[in-house]
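Coordinates from entry_35.txt are shown below (compact mmCIF, C-alpha atoms).
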# COMPACT_ATOMS: atom_id res chain seq x y z
CA MET A 1 10.73 12.85 26.87
CA ALA A 2 7.08 13.42 26.09
CA ALA A 3 4.40 10.74 25.90
CA PRO A 4 2.54 11.99 22.83
CA ILE A 5 -0.33 9.55 22.46
CA GLU A 6 -1.49 9.81 26.04
CA GLU A 7 -1.09 13.58 26.25
CA THR A 8 -2.79 14.42 22.96
CA ALA A 9 -5.60 11.91 23.18
CA ALA A 10 -9.14 13.26 23.29
CA ASP A 11 -11.73 11.01 24.89
CA THR A 12 -14.80 10.37 22.76
CA ASN A 13 -17.75 8.39 23.98
CA SER A 14 -19.10 5.74 21.66
CA SER A 15 -21.13 2.55 21.85
CA SER A 16 -17.89 0.57 22.11
CA GLY A 17 -16.52 2.61 24.99
CA THR A 18 -13.99 5.41 25.35
CA ARG A 19 -11.37 5.58 22.59
CA ALA A 20 -8.32 7.79 22.11
CA VAL A 21 -8.41 10.20 19.18
CA ILE A 22 -4.93 11.38 18.17
CA ASN A 23 -4.45 14.81 16.68
CA VAL A 24 -1.45 14.30 14.38
CA ARG A 25 -0.16 17.87 14.68
CA LYS A 26 -0.29 17.80 18.49
CA PHE A 27 1.39 14.39 18.42
CA LEU A 28 4.39 15.95 16.64
CA GLU A 29 4.47 19.08 18.79
CA SER A 30 4.36 17.07 22.02
CA TRP A 31 7.84 15.62 21.48
CA ASP A 32 10.79 17.48 22.96
CA SER A 33 13.08 19.23 20.49
CA ASP A 34 16.00 17.12 21.74
CA VAL A 35 14.18 13.98 20.65
CA THR A 36 13.30 15.27 17.19
CA ASP A 37 16.89 16.43 16.64
CA LEU A 38 18.29 13.04 17.67
CA SER A 39 15.81 11.17 15.49
CA LEU A 40 17.84 11.79 12.32
CA LEU A 41 21.17 10.70 13.80
CA PRO A 42 22.33 7.18 12.89
CA SER A 43 20.98 4.64 15.36
CA ASP A 44 24.42 3.75 16.79
CA GLN A 45 25.17 7.42 17.50
CA LYS A 46 21.80 7.86 19.22
CA GLU A 47 22.36 4.78 21.37
CA ASN A 48 25.91 5.75 22.28
CA GLN A 49 24.78 9.26 23.22
CA ARG A 50 22.07 7.84 25.49
CA ILE A 51 24.51 5.50 27.22
CA ALA A 52 27.04 8.29 27.74
CA ASP A 53 24.41 10.61 29.20
CA ARG A 54 23.01 7.88 31.46
CA LEU A 55 26.43 6.82 32.82
CA GLY A 56 27.90 10.31 32.94
CA ILE A 57 30.92 9.41 30.82
CA GLY A 58 32.32 10.67 27.53
CA THR A 59 30.99 9.48 24.20
CA ASP A 60 34.56 8.59 23.10
CA LEU A 61 34.72 5.87 25.75
CA VAL A 62 31.30 4.53 24.74
CA ASP A 63 32.35 4.50 21.07
CA GLU A 64 35.48 2.54 21.98
CA LEU A 65 33.48 -0.01 23.97
CA ALA A 66 31.00 -0.34 21.10
CA ALA A 67 33.84 -1.11 18.70
CA VAL A 68 35.32 -3.77 21.01
CA CYS A 69 32.05 -5.37 22.14
CA GLY A 70 29.81 -4.60 19.15
CA ALA A 71 27.93 -7.00 16.92
CA ASP A 72 30.66 -6.76 14.26
CA THR A 73 32.93 -8.85 16.50
CA LEU A 74 30.58 -11.81 15.92
CA CYS A 75 31.53 -12.05 12.23
CA CYS A 76 33.47 -15.10 11.10
CA GLY A 77 35.79 -13.21 8.77
CA ASP A 78 34.34 -14.17 5.38
CA GLU A 79 31.85 -11.32 5.27
CA PRO A 80 32.51 -8.29 3.00
CA ASP A 81 33.72 -5.10 4.66
CA ASP A 82 30.85 -3.05 3.28
CA LYS A 83 27.62 -4.02 5.00
CA ALA A 84 25.67 -3.05 1.87
CA ASP A 85 27.40 -5.96 0.08
CA LEU A 86 26.05 -8.55 2.53
CA LEU A 87 22.93 -8.91 0.39
CA LYS A 88 25.16 -9.62 -2.63
CA MET A 89 27.04 -12.52 -1.04
CA LYS A 90 27.06 -15.61 -3.21
CA GLY A 91 26.62 -18.69 -1.11
CA LEU A 92 27.12 -19.11 2.60
CA PRO A 93 30.27 -19.14 4.75
CA LYS A 94 32.09 -22.45 4.48
CA ASN A 95 33.10 -24.87 7.23
CA ILE A 96 30.18 -24.00 9.51
CA ASP A 97 28.52 -27.13 10.88
CA LEU A 98 25.09 -25.68 11.73
CA THR A 99 21.77 -27.26 10.83
CA CYS A 100 20.23 -23.89 10.00
CA VAL A 101 23.02 -23.22 7.47
CA LYS A 102 22.43 -26.60 5.82
CA TYR A 103 18.73 -25.81 5.43
CA GLN A 104 19.63 -22.41 3.98
CA GLU A 105 21.96 -24.02 1.43
CA ARG A 106 19.20 -26.43 0.42
CA GLU A 107 16.72 -23.58 0.01
CA LEU A 108 19.12 -21.48 -2.08
CA GLU A 109 19.72 -24.44 -4.38
CA ARG A 110 15.99 -24.93 -4.78
CA ARG A 111 15.54 -21.28 -5.74
CA ARG A 112 18.23 -21.59 -8.39
CA MET A 113 16.41 -24.55 -9.97
CA VAL A 114 12.95 -22.96 -10.39
CA ASP A 115 11.28 -19.57 -10.76
CA TYR A 116 10.59 -19.51 -7.05
CA LYS A 117 8.08 -16.65 -6.92
CA LEU A 118 5.97 -18.15 -9.73
CA PHE A 119 6.31 -21.59 -8.15
CA VAL A 120 5.00 -20.36 -4.81
CA ILE A 121 2.06 -18.47 -6.35
CA ASN A 122 0.99 -21.48 -8.42
CA LYS A 123 1.40 -24.07 -5.66
CA MET A 124 0.27 -22.19 -2.59
CA LYS A 125 -2.96 -23.18 -0.86
CA TYR A 126 -4.49 -19.70 -0.89
CA ARG A 127 -5.22 -17.41 -3.82
CA MET A 128 -3.11 -14.51 -2.58
CA MET A 129 0.18 -13.76 -0.87
CA ASP A 130 1.89 -10.72 0.68
CA VAL A 131 4.84 -9.24 -1.18
CA TYR A 132 7.17 -6.96 0.78
CA ARG A 133 9.32 -4.19 -0.64
CA MET A 134 13.07 -4.53 -0.26
CA VAL A 135 15.13 -2.28 2.03
CA PRO A 136 15.30 1.24 0.52
CA ASP A 137 18.35 2.35 -1.43
CA PRO A 138 21.02 3.49 1.09
CA SER A 139 21.48 6.74 -0.83
CA SER A 140 17.87 7.68 -0.06
CA LEU A 141 18.65 7.57 3.69
CA LYS A 142 21.37 10.24 3.56
CA ARG A 143 19.95 13.74 3.70
CA GLU A 144 23.22 15.32 2.53
CA MET A 145 22.94 13.45 -0.80
CA ILE A 146 19.39 14.62 -1.60
CA PRO A 147 18.60 17.99 -3.27
CA ASP A 148 16.88 20.48 -0.99
CA GLU A 149 13.70 20.51 -3.10
CA LYS A 150 13.32 16.73 -2.59
CA LEU A 151 14.27 16.62 1.09
CA VAL A 152 11.62 15.45 3.54
CA PRO A 153 10.65 18.34 5.88
CA HIS A 154 11.92 17.83 9.42
CA PRO A 155 10.61 17.31 12.05
CA ASN A 156 7.92 15.08 10.61
CA VAL A 157 5.71 12.14 11.44
CA VAL A 158 5.31 8.85 9.58
CA ILE A 159 1.86 7.25 9.56
CA THR A 160 1.33 3.63 8.51
CA VAL A 161 -1.88 3.13 6.52
CA LYS A 162 -3.30 -0.28 5.66
CA VAL A 163 -5.67 -0.26 2.64
CA TYR A 164 -7.98 -3.25 2.25
CA ARG A 165 -9.42 -4.41 -1.03
CA THR A 166 -13.09 -4.22 -1.87
CA ARG A 167 -15.08 -6.59 0.33
CA ILE A 168 -16.33 -9.53 -1.75
CA SER A 169 -17.84 -11.57 1.08
CA THR A 170 -19.15 -11.10 4.59
CA THR A 171 -16.52 -13.35 6.17
CA PHE A 172 -13.29 -12.30 4.50
CA LEU A 173 -11.70 -8.84 4.22
CA PRO A 174 -8.64 -9.09 1.91
CA LYS A 175 -5.71 -6.83 2.70
CA GLY A 176 -4.43 -4.79 -0.21
CA GLU A 177 -1.53 -2.38 0.32
CA VAL A 178 0.38 -0.95 3.27
CA PHE A 179 1.79 2.58 2.90
CA GLU A 180 3.86 4.95 4.98
CA VAL A 181 2.78 8.57 4.53
CA LEU A 182 4.24 11.79 5.87
CA GLY A 183 2.35 14.23 8.03
CA THR A 184 3.20 17.00 5.53
CA GLN A 185 1.54 15.17 2.62
CA THR A 186 -2.02 15.73 1.40
CA LEU A 187 -4.73 13.09 1.31
CA THR A 188 -4.77 13.21 -2.48
CA GLU A 189 -1.20 11.87 -2.56
CA LEU A 190 -2.37 8.72 -0.80
CA LYS A 191 -5.44 8.49 -3.06
CA ASP A 192 -3.25 8.63 -6.17
CA ALA A 193 -0.94 5.91 -4.79
CA ILE A 194 -3.69 3.38 -3.98
CA SER A 195 -3.95 0.68 -6.63
CA CYS A 196 -7.33 -0.88 -7.43
CA MET A 197 -8.51 -3.04 -10.32
CA LYS A 198 -11.53 -0.77 -10.72
CA ASP A 199 -9.19 2.14 -11.51
CA ASP A 200 -7.26 0.14 -14.12
CA ALA A 201 -10.37 -1.33 -15.73
CA ILE A 202 -11.35 -0.22 -19.23
CA ALA A 203 -14.84 1.20 -18.93
CA GLY A 204 -17.38 -0.07 -21.44
CA GLU A 205 -18.61 -3.21 -23.19
CA PHE A 206 -16.29 -4.24 -26.05
CA SER A 207 -17.84 -7.33 -27.64
CA SER A 208 -18.19 -5.43 -30.94
CA TYR A 209 -14.62 -4.08 -30.83
CA PRO A 210 -12.34 -6.86 -29.55
CA ASN A 211 -9.18 -5.65 -31.31
CA LEU A 212 -9.02 -1.96 -30.40
CA PRO A 213 -5.40 -0.72 -30.12
CA ASN A 214 -4.12 0.07 -26.65
CA GLU A 215 -3.74 3.79 -27.38
CA ARG A 216 -7.52 4.04 -27.77
CA LEU A 217 -8.21 2.40 -24.40
CA THR A 218 -8.62 4.75 -21.45
CA PRO A 219 -8.47 3.44 -17.85
CA ALA A 220 -11.42 4.29 -15.65
CA LYS A 221 -9.21 6.33 -13.29
CA ASN A 222 -8.59 8.82 -16.11
CA ILE A 223 -12.34 9.28 -16.69
CA TYR A 224 -13.93 9.02 -13.24
CA LYS A 225 -11.55 10.93 -10.96
CA SER A 226 -13.78 11.55 -7.96
CA GLY A 227 -13.01 10.04 -4.59
CA MET A 228 -13.70 10.41 -0.88
CA PHE A 229 -12.20 9.56 2.51
CA PHE A 230 -14.46 9.41 5.56
CA ILE A 231 -12.36 9.87 8.72
CA GLU A 232 -13.71 10.77 12.15
CA ASN A 233 -17.05 12.17 10.87
CA VAL A 234 -15.38 14.28 8.16
CA PHE A 235 -15.97 13.70 4.44
CA TYR A 236 -12.81 14.55 2.48
CA ASN A 237 -13.71 14.88 -1.24
CA ASP A 238 -11.31 15.04 -4.15
CA MET A 239 -12.36 18.23 -5.96
CA ARG A 240 -9.22 18.86 -8.04
CA GLU A 241 -11.15 18.55 -11.31
CA PRO A 242 -14.13 20.83 -12.06
CA ASP A 243 -16.37 17.88 -12.98
CA ASN A 244 -15.52 15.80 -9.89
CA ARG A 245 -18.51 14.79 -7.79
CA ASP A 246 -19.05 15.41 -4.10
CA TYR A 247 -19.69 11.87 -2.84
CA SER A 248 -20.81 13.16 0.54
CA ALA A 249 -23.73 15.21 -0.87
CA PRO A 250 -26.27 12.35 -1.17
CA ILE A 251 -25.17 10.94 2.20
CA LEU A 252 -25.70 14.25 3.98
CA LYS A 253 -29.00 14.74 2.17
CA TRP A 254 -30.15 11.34 3.42
CA ALA A 255 -28.98 12.21 6.95
CA VAL A 256 -31.03 15.43 6.86
CA GLU A 257 -34.14 13.62 5.60
CA LYS A 258 -33.80 10.98 8.32
CA GLN A 259 -32.98 13.63 10.95
CA HIS A 260 -29.87 11.72 11.95
CA GLU A 261 -29.04 12.23 15.63
CA ASN A 262 -25.35 12.98 14.89
CA LEU A 263 -25.96 15.25 11.91
CA ASP A 264 -24.20 18.20 13.60
CA LEU A 265 -20.99 16.16 13.89
CA PHE A 266 -20.61 15.66 10.14
CA ARG A 267 -18.68 18.12 8.01
CA THR A 268 -16.93 18.19 4.64
CA ALA A 269 -13.46 19.29 3.48
CA LYS A 270 -11.37 19.17 0.32
CA MET A 271 -8.98 16.28 0.11
CA GLU A 272 -6.37 18.28 -1.80
CA ASP A 273 -6.27 20.98 0.90
CA THR A 274 -5.96 18.60 3.87
CA LEU A 275 -2.64 17.41 5.24
CA PHE A 276 -2.31 14.24 7.29
CA MET A 277 -1.01 16.64 9.94
CA ASP A 278 -4.53 18.13 10.11
CA LEU A 279 -6.29 14.82 10.83
CA ASN A 280 -7.73 13.39 13.99
CA ILE A 281 -7.32 9.62 13.83
CA GLN A 282 -7.68 6.49 15.93
CA LEU A 283 -5.24 3.63 15.53
CA GLY A 284 -6.85 0.36 14.53
CA VAL A 285 -10.24 1.90 13.70
CA PRO A 286 -11.68 1.27 10.20
CA TYR A 287 -12.33 4.29 7.98
CA LEU A 288 -13.68 4.54 4.43
CA TYR A 289 -12.14 5.23 1.04
CA GLN A 290 -14.62 5.38 -1.85
CA HIS A 291 -13.97 5.86 -5.56
CA GLN A 292 -15.31 4.85 -8.99
CA GLY A 293 -18.83 5.57 -7.77
CA HIS A 294 -19.46 2.59 -5.51
CA CYS A 295 -16.07 0.93 -4.97
CA GLU A 296 -15.45 1.03 -1.22
CA HIS A 297 -12.25 0.19 0.67
CA ILE A 298 -11.58 -0.04 4.39
CA ILE A 299 -8.48 1.89 5.49
CA VAL A 300 -6.85 1.55 8.90
CA PHE A 301 -4.14 3.68 10.50
CA THR A 302 -1.97 1.16 12.32
CA ASP A 303 0.99 3.24 13.54
CA ILE A 304 2.19 6.81 14.03
CA ARG A 305 5.76 7.76 14.93
CA LEU A 306 8.52 10.29 14.35
CA LEU A 307 10.52 10.30 11.13
CA HIS A 308 13.97 8.83 11.83
CA CYS A 309 17.26 8.20 10.07
CA ASP A 310 16.27 4.75 8.77
CA ASP A 311 13.35 6.20 6.78
CA PRO A 312 13.85 7.35 3.18
CA GLN A 313 14.66 11.07 3.23
CA ASP A 314 13.53 11.67 -0.38
CA VAL A 315 9.99 13.08 -0.33
CA THR A 316 9.31 11.74 -3.83
CA LEU A 317 9.37 8.17 -2.44
CA TYR A 318 6.27 8.81 -0.33
CA PRO A 319 3.66 7.45 0.08
CA TYR A 320 6.12 4.59 0.55
CA LEU A 321 4.71 1.20 -0.38
CA LEU A 322 5.73 -1.31 2.31
CA SER A 323 3.81 -4.34 1.07
CA GLU A 324 0.86 -5.46 -0.98
CA THR A 325 -1.25 -8.57 -1.40
CA VAL A 326 -0.78 -10.22 -4.79
CA ASN A 327 -3.52 -12.39 -6.24
CA LYS A 328 -2.92 -15.75 -7.79
CA ARG A 329 -3.02 -15.40 -11.58
CA THR A 330 -6.44 -15.89 -13.19
CA VAL A 331 -5.94 -18.30 -16.08
CA CYS A 332 -8.05 -18.78 -19.18
CA ARG A 333 -11.04 -21.08 -18.64
CA SER A 334 -10.45 -22.68 -22.04
CA CYS A 335 -6.71 -23.29 -22.54
CA GLN A 336 -5.82 -23.26 -18.83
CA MET A 337 -2.46 -21.72 -19.73
CA ASP A 338 -2.55 -18.03 -20.64
CA SER A 339 -3.71 -15.26 -18.36
CA ALA A 340 -7.32 -14.13 -18.66
CA ARG A 341 -7.85 -10.92 -20.63
CA TRP A 342 -11.63 -10.95 -21.07
CA VAL A 343 -14.69 -11.51 -18.89
CA VAL A 344 -17.62 -12.86 -20.92
CA TYR A 345 -21.25 -12.75 -19.77
CA ASP A 346 -24.33 -14.58 -21.12
CA SER A 347 -22.48 -16.48 -23.83
CA PRO A 348 -24.03 -19.83 -24.95
CA LEU A 349 -20.51 -21.02 -25.89
CA THR A 350 -19.00 -20.81 -22.39
CA PRO A 351 -19.65 -23.14 -19.45
CA ASP A 352 -19.93 -20.27 -16.96
CA SER A 353 -21.17 -16.71 -16.78
CA PRO A 354 -19.01 -14.81 -16.11
CA CYS A 355 -16.24 -16.72 -17.87
CA PHE A 356 -12.58 -15.66 -17.97
CA LEU A 357 -10.79 -16.13 -21.31
CA CYS A 358 -7.46 -15.19 -22.82
CA HIS A 359 -7.51 -13.08 -25.97
CA SER A 360 -6.81 -15.96 -28.37
CA CYS A 361 -9.49 -18.27 -26.99
CA PHE A 362 -11.97 -15.42 -26.74
CA THR A 363 -11.65 -14.37 -30.40
CA LEU A 364 -11.47 -17.91 -31.79
CA LEU A 365 -14.57 -18.95 -29.89
CA HIS A 366 -16.84 -15.94 -30.44
CA TYR A 367 -15.91 -14.52 -33.86
CA ASP A 368 -15.84 -15.86 -37.42
CA SER A 369 -13.07 -15.43 -39.97
CA ASN A 370 -14.42 -11.97 -40.85
CA GLY A 371 -14.31 -10.79 -37.24
CA GLN A 372 -18.09 -10.90 -36.78
CA LYS A 373 -19.80 -12.17 -33.61
CA VAL A 374 -21.21 -15.68 -33.92
CA CYS A 375 -23.64 -15.33 -30.99
CA SER A 376 -25.01 -12.82 -28.52
CA PHE A 377 -22.88 -12.07 -25.46
CA ARG A 378 -21.30 -9.26 -23.44
CA ALA A 379 -17.54 -8.90 -23.04
CA TYR A 380 -15.43 -6.68 -20.78
CA MET A 381 -11.66 -6.30 -20.66
CA TYR A 382 -10.03 -7.84 -17.62
CA ARG A 383 -6.83 -6.54 -16.06
CA GLN A 384 -5.10 -8.10 -13.08
CA LYS A 385 -2.15 -6.74 -11.15
CA LEU A 386 0.44 -9.33 -10.12
CA SER A 387 3.47 -7.37 -8.83
CA LEU A 388 4.61 -4.33 -6.87
CA HIS A 389 4.40 -0.84 -8.34

Would you write out, as C-alpha cells, the structure that this file holds?
Amino acid sequence: MAAPIEETAADTNSSSGTRAVINVRKFLESWDSDVTDLSLLPSDQKENQRIADRLGIGTDLVDELAAVCGADTLCCGDEPDDKADLLKMKGLPKNIDLTCVKYQERELERRRMVDYKLFVINKMKYRMMDVYRMVPDPSSLKREMIPDEKLVPHPNVVITVKVYRTRISTTFLPKGEVFEVLGTQTLTELKDAISCMKDDAIAGEFSSYPNLPNERLTPAKNIYKSGMFFIENVFYNDMREPDNRDYSAPILKWAVEKQHENLDLFRTAKMEDTLFMDLNIQLGVPYLYQHQGHCEHIIVFTDIRLLHCDDPQDVTLYPYLLSETVNKRTVCRSCQMDSARWVVYDSPLTPDSPCFLCHSCFTLLHYDSNGQKVCSFRAYMYRQKLSLH
C-alpha cells in the first residue's frame, strides 16, 4: 500500500519552517489499484478480505466467524431486523437496569415536552451552535441504484473544507460551514455552495420603500457574482460572467509597484476551469475566499482521503455539507419577540445605531398613516440564516 502524503509532499521553505504541500492528483495516483478497487466494497467485506489474506485462509471461513462473533450477537433481541430502522425505534429496550439508559429515557421525555432545538438556541450561553447533517440516505450509497450520469467518478478523492465566517474581531474567528468536495469538481462548485449573509443581503437603502414585494428584491449574489480563492500563491477568479471582476488585478498591481520579493511566485487562473484535482494544498493552512467586493473568509483544508463505500455516490450531493454554525436568532429591539428584519441607522427614535427591528415595529415607529417617513434615517433589509441548506 502506498503512503500518499509522504511520497507526494513537496518541501517548501517558509518563515514557519518546512511544510508539506500535497498535489491532489499525485495523491490519488500514488495509491495502488488494489486499494482503490477495494475502497468501494462494503466495510465488512473489505475487513474480511484483509483478514483472510493475512491468515492465508478462505473468505468463507472468515465470513462464518464474523457471523458467529460479530457485533450483531450483542443485540438484546428487541431491535428491528433492518438496521436502517434502528433510528426509527420508539423508546428504549425494556427491562435493562443501566444508568445510561435511565438518563436517555429522561432526555427523550424532555425532548417530547419542548421544541428542543429552539430551547437550546435560546438558552445556550453562546450565540451560535454547530448543526450536523444526518447520515446520508442509504440509497445514495449504492452505486447500482444511481443513474450513470449522476454517478461519482471512480477512483476519486474526498477533500474536507472548513469555511470560516467573516472575521468580526481580532480574537474570535467563527466557523461557518464544513464541506466535502470531490477531486473531480471545480472550484466554482464550492463557491456556489458557500452560504454567506452578504450574498443573501438585499443591496440598497430602502427607507423610502419599506413595503416592496419580494419579487422585486434581488439578492446581492445575483448582482455581484465575482469571487476569488487564493491558494498556494495562485489567484483563482470566477470569470463565468462577462462583467465579473478580476479581484487579483489590483493586488498584483500593488505587488508590482512595491516590487514584492515573491512577485514571480504569484499567478492567476480561472476558477471555473480548475479542478480540486489540480490544486496544491497544505492541510491546516489558512487560505482566502473573497466575494462581494470586500467580504473575506478563511478556508482550511482539513482532510484528504480516498472515496469509499460509506460516502454518497450521487455526484449531485456534492459539495456535501457536513455541518454549519447556526447563529442565535436576532430579535427585534422593540418588541423582543419577532425576528429582526431591518437594520436602522441614525434614527432619533431608536436607542441604538444600528438598531435591529422587526417589520411591524419598524413601520409603526418610522412611518405615519400615509406611509411617509416621520424622521430622517437609513434602513437596510436584514436576513439571517438559522438552519441547514

Atomic separation - CA of Met277 in chain A relative to CA of Gln185 in chain A, Å
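CA of Met277 in chain A lies at a distance of 7.9 Å from CA of Gln185 in chain A.
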
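Across the structure, CA of Pro153 in chain A and CA of Phe276 in chain A are spaced 13.7 Å apart.
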
Give the answer as one residue: which of A:Ile146, A:Leu322, A:Ile223, A:Leu365 has the shortest atom-to-atom distance to Thr350 in chain A, using only C-alpha atoms?
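Under the stated criterion, the closest residue is A:Leu365.
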
Env of Arg25 in chain A: 9 Å cut, atoms = only C-alpha atoms, seq-sep filter 2 positions within chain, self excluded. Answer as a list of chain:residue names.
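Final neighbour list, sorted by chain and number: A:Ile22, A:Asn23, A:Phe27, A:Leu28, A:Glu29, A:Ser30, A:Val157, A:Gly183, A:Phe276, A:Met277, A:Asp278, A:Leu279, A:Asn280.
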
I'd like the neighbourhood of range 367-374 of chain A as a PyMOL selection string, where a residue qualifies if any of its atoms comes within 9 Å (using only C-alpha atoms), though same-chain residues fewer than 6 positions away should be ignored.
chain A and resi 207-208+210

Counting all atoms listed in the file, closest pick from A:Pro242, A:Pro351, A:Gly58, A:Gly204 relative to Tyr380 in chain A is A:Gly204

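Residues with any atom within 6 Å of range 328-345 of chain A, counting all atoms listed in the file and excluding same-chain neighbours fewer than 4 positions away, are A:Ile121, A:Arg127, A:Met128, A:Ser353, A:Pro354, A:Cys355, A:Phe356, A:Leu357, A:Cys358, A:His359, A:Phe377, A:Arg378, A:Ala379, A:Tyr380, A:Met381, A:Tyr382.
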
Can you work out the spacing between CA of Phe301 in chain A and CA of Glu232 in chain A in Å, to one decimal?
12.0 Å

Where atoms are absent from range 293-316 of chain A, fill them in so it carries N, CA and C atoms, then output it as a PDB file, in the coordinates of the input.
ATOM      1  N   GLY A 293     -17.402   5.613  -8.033  1.00  0.00           N
ATOM      2  CA  GLY A 293     -18.830   5.570  -7.770  1.00  0.00           C
ATOM      3  C   GLY A 293     -19.190   4.769  -6.539  1.00  0.00           C
ATOM      4  N   HIS A 294     -19.003   3.456  -6.599  1.00  0.00           N
ATOM      5  CA  HIS A 294     -19.460   2.590  -5.510  1.00  0.00           C
ATOM      6  C   HIS A 294     -18.393   1.621  -5.027  1.00  0.00           C
ATOM      7  N   CYS A 295     -17.147   1.824  -5.417  1.00  0.00           N
ATOM      8  CA  CYS A 295     -16.070   0.930  -4.970  1.00  0.00           C
ATOM      9  C   CYS A 295     -15.570   1.424  -3.612  1.00  0.00           C
ATOM     10  N   GLU A 296     -15.768   0.626  -2.575  1.00  0.00           N
ATOM     11  CA  GLU A 296     -15.450   1.030  -1.220  1.00  0.00           C
ATOM     12  C   GLU A 296     -14.309   0.183  -0.645  1.00  0.00           C
ATOM     13  N   HIS A 297     -13.377   0.848   0.022  1.00  0.00           N
ATOM     14  CA  HIS A 297     -12.250   0.190   0.670  1.00  0.00           C
ATOM     15  C   HIS A 297     -12.209   0.597   2.144  1.00  0.00           C
ATOM     16  N   ILE A 298     -11.850  -0.338   2.992  1.00  0.00           N
ATOM     17  CA  ILE A 298     -11.580  -0.040   4.390  1.00  0.00           C
ATOM     18  C   ILE A 298     -10.119   0.378   4.511  1.00  0.00           C
ATOM     19  N   ILE A 299      -9.860   1.490   5.199  1.00  0.00           N
ATOM     20  CA  ILE A 299      -8.480   1.890   5.490  1.00  0.00           C
ATOM     21  C   ILE A 299      -8.318   1.965   7.010  1.00  0.00           C
ATOM     22  N   VAL A 300      -7.136   1.587   7.465  1.00  0.00           N
ATOM     23  CA  VAL A 300      -6.850   1.550   8.900  1.00  0.00           C
ATOM     24  C   VAL A 300      -5.486   2.175   9.139  1.00  0.00           C
ATOM     25  N   PHE A 301      -5.422   3.129  10.061  1.00  0.00           N
ATOM     26  CA  PHE A 301      -4.140   3.680  10.500  1.00  0.00           C
ATOM     27  C   PHE A 301      -3.616   2.778  11.614  1.00  0.00           C
ATOM     28  N   THR A 302      -2.476   2.153  11.368  1.00  0.00           N
ATOM     29  CA  THR A 302      -1.970   1.160  12.320  1.00  0.00           C
ATOM     30  C   THR A 302      -0.815   1.659  13.171  1.00  0.00           C
ATOM     31  N   ASP A 303      -0.160   2.770  12.766  1.00  0.00           N
ATOM     32  CA  ASP A 303       0.990   3.240  13.540  1.00  0.00           C
ATOM     33  C   ASP A 303       1.241   4.704  13.229  1.00  0.00           C
ATOM     34  N   ILE A 304       1.753   5.420  14.210  1.00  0.00           N
ATOM     35  CA  ILE A 304       2.190   6.810  14.030  1.00  0.00           C
ATOM     36  C   ILE A 304       3.444   7.003  14.857  1.00  0.00           C
ATOM     37  N   ARG A 305       4.465   7.600  14.254  1.00  0.00           N
ATOM     38  CA  ARG A 305       5.760   7.760  14.930  1.00  0.00           C
ATOM     39  C   ARG A 305       6.510   8.910  14.297  1.00  0.00           C
ATOM     40  N   LEU A 306       7.659   9.254  14.900  1.00  0.00           N
ATOM     41  CA  LEU A 306       8.520  10.290  14.350  1.00  0.00           C
ATOM     42  C   LEU A 306       9.309   9.750  13.150  1.00  0.00           C
ATOM     43  N   LEU A 307       9.592  10.629  12.200  1.00  0.00           N
ATOM     44  CA  LEU A 307      10.520  10.300  11.130  1.00  0.00           C
ATOM     45  C   LEU A 307      11.909  10.106  11.729  1.00  0.00           C
ATOM     46  N   HIS A 308      12.632   9.054  11.303  1.00  0.00           N
ATOM     47  CA  HIS A 308      13.970   8.830  11.830  1.00  0.00           C
ATOM     48  C   HIS A 308      14.949   8.531  10.699  1.00  0.00           C
ATOM     49  N   CYS A 309      16.192   8.289  11.058  1.00  0.00           N
ATOM     50  CA  CYS A 309      17.260   8.200  10.070  1.00  0.00           C
ATOM     51  C   CYS A 309      17.150   6.975   9.181  1.00  0.00           C
ATOM     52  N   ASP A 310      16.411   5.951   9.592  1.00  0.00           N
ATOM     53  CA  ASP A 310      16.270   4.750   8.770  1.00  0.00           C
ATOM     54  C   ASP A 310      15.124   4.840   7.789  1.00  0.00           C
ATOM     55  N   ASP A 311      14.408   5.964   7.768  1.00  0.00           N
ATOM     56  CA  ASP A 311      13.350   6.200   6.780  1.00  0.00           C
ATOM     57  C   ASP A 311      13.940   6.880   5.560  1.00  0.00           C
ATOM     58  N   PRO A 312      13.396   6.609   4.360  1.00  0.00           N
ATOM     59  CA  PRO A 312      13.850   7.350   3.180  1.00  0.00           C
ATOM     60  C   PRO A 312      13.670   8.849   3.386  1.00  0.00           C
ATOM     61  N   GLN A 313      14.684   9.615   3.033  1.00  0.00           N
ATOM     62  CA  GLN A 313      14.660  11.070   3.230  1.00  0.00           C
ATOM     63  C   GLN A 313      14.264  11.820   1.958  1.00  0.00           C
ATOM     64  N   ASP A 314      13.962  11.086   0.892  1.00  0.00           N
ATOM     65  CA  ASP A 314      13.530  11.670  -0.380  1.00  0.00           C
ATOM     66  C   ASP A 314      12.004  11.720  -0.390  1.00  0.00           C
ATOM     67  N   VAL A 315      11.441  12.919  -0.429  1.00  0.00           N
ATOM     68  CA  VAL A 315       9.990  13.080  -0.330  1.00  0.00           C
ATOM     69  C   VAL A 315       9.268  12.464  -1.512  1.00  0.00           C
ATOM     70  N   THR A 316       9.955  12.309  -2.652  1.00  0.00           N
ATOM     71  CA  THR A 316       9.310  11.740  -3.830  1.00  0.00           C
ATOM     72  C   THR A 316       9.027  10.239  -3.680  1.00  0.00           C
TER      73      THR A 316
END
